[in-house]
Amino acid sequence: MNKIMNLLIPLTTILFRGEIYAFQPALRHKVARVNAYDSSLQMGLTLYGSQGSRSPLVNWAAYELGLEIAMGDLANNPHPFGQIPCLTDDGDVTVFESGAILLYLLSKAELDDLSEQKKASVLSWVSWANASLDPICFLETPEGKVYDTGLKKPNRRINTLDELLADQDFLVEDAGFTIADVAVASYLLYVPQFFPDVDLSRWSNVVRYMKDCASRTAYGEAFGENVQAFLLNSLDEMGKKKDKKMFGVF
């Protein structure tokens with residue numbers, strides 16, 4: 001664990017609802033399919049964000065969908081509240097809020113293999129991630145500062161998620177990995193990043209799911225190989241704890 005932790009660049013983070021603000025040196029990681037900062041005249045999909053925010057989940061979605069996306073200059077960020085992530089398309093379309101951005105990317109991908117039923121399921125899961133999972137993962141003060149995670153204690157909704165994942169690999173049945181998984185897994189995977197002592201082993205299927213999602217090539221490209229390595233090691237350790245409890249070893 002110490003070796004993996006040493007790979008991570010130290011984070012000093014202040015979390016707010018809807019955004020994660022972080023002060024950190026630039027992370028060195030593989031950024032295939034993303035150009036260096038482009039001007040505000042860049043046509044096509046342009047993402048305004050930073051590595052220490054929720055922006056990488058947008059990169060992850062774009063990579064999974066095979067969409068080209070460029071990083072914009074934050075000095076030109078068109079978000080009405082100056083927050084990130086924010087997405088523009090061809091210069092005249094602006095989308096903000098991570099869930100809305102994911103659904104916009106999905107519409108751009110024009111996936112013919114997703115039925116209307118499955119698209120509706122994706123929409124529902126993306127909305128659930130933002131409306132229900134976020135406040136479980138991140139507990140806030142009245143001022144909006146995140147001080148802890150609700151995943152340190154039993155939770156009925158996560159119990160239900162764990163039961164669902166006992167019978168299927170990903171969230172949308174018979175659809176494989178989708179943008180629904182980007183939305184839900186991103187929030188879950190942020191928790192051990194910001195609260196490295198958290199133990200999620202009570203939800204073995206959720207831990208397996210998180211590991212499967214974090215193992216994806218596009219996740220490493222979006223969040224960085226160091227973050228990916230840390231998460232996979234942490235999730236492996238959680239899986240071992242569950243196995244020990246099953247066999248009566250404590």
# chains A, B, ... in the order shown; residues from 1 in each chain; ligands from 1

$ residues_around --residues "Thr178 in chain A" --least-positions-apart "3" --cutoff "10 Å" --atoms "only C-alpha atoms" --output "number ranges by chain"
A: 61, 64-65, 106, 114, 118-119, 122, 170-172, 175, 181-183

$ atom_distance --atom1 "CA of Leu47 in chain A" --atom2 "CA of Glu97 in chain A"
11.9 Å

$ residues_around --residues "range 197-200 of chain A" --least-positions-apart "5" --cutoff "7 Å" --atoms "only C-alpha atoms" --output "list in words"
Lys152, Pro192, Val207 and Met238 of chain A

$ closest_residue --among "A:Cys137, A:Asn205, A:Ser124, A:Leu188" --to "Thr160 in chain A" --atoms "only C-alpha atoms"
A:Asn205

$ closest_residue --among "A:Ala75, A:Leu105, A:Leu165, A:Leu57" --to "Gly44 in chain A" --atoms "only C-alpha atoms"
A:Leu105

$ select_by_dssp --residues "range 88-178 of chain A" --states "strand (DSSP E or B)" --output "MDAnalysis selection string"
chainID A and resid 88:89 93:96 139:140 145:148

$ closest_residue --among "A:Thr149, A:Ser204, A:Asn226, A:Ser115" --to "Val191 in chain A" --atoms "only C-alpha atoms"
A:Thr149

$ select_by_dssp --residues "range 37-238 of chain A" --states "helix (DSSP H, G or I)" --output "number ranges by chain"
A: 55-65, 74-76, 98-109, 116-137, 150-152, 156-164, 179-194, 204-214, 217-223, 225-238

$ atom_distance --atom1 "CA of Val95 in chain A" --atom2 "CA of His79 in chain A"
8.1 Å
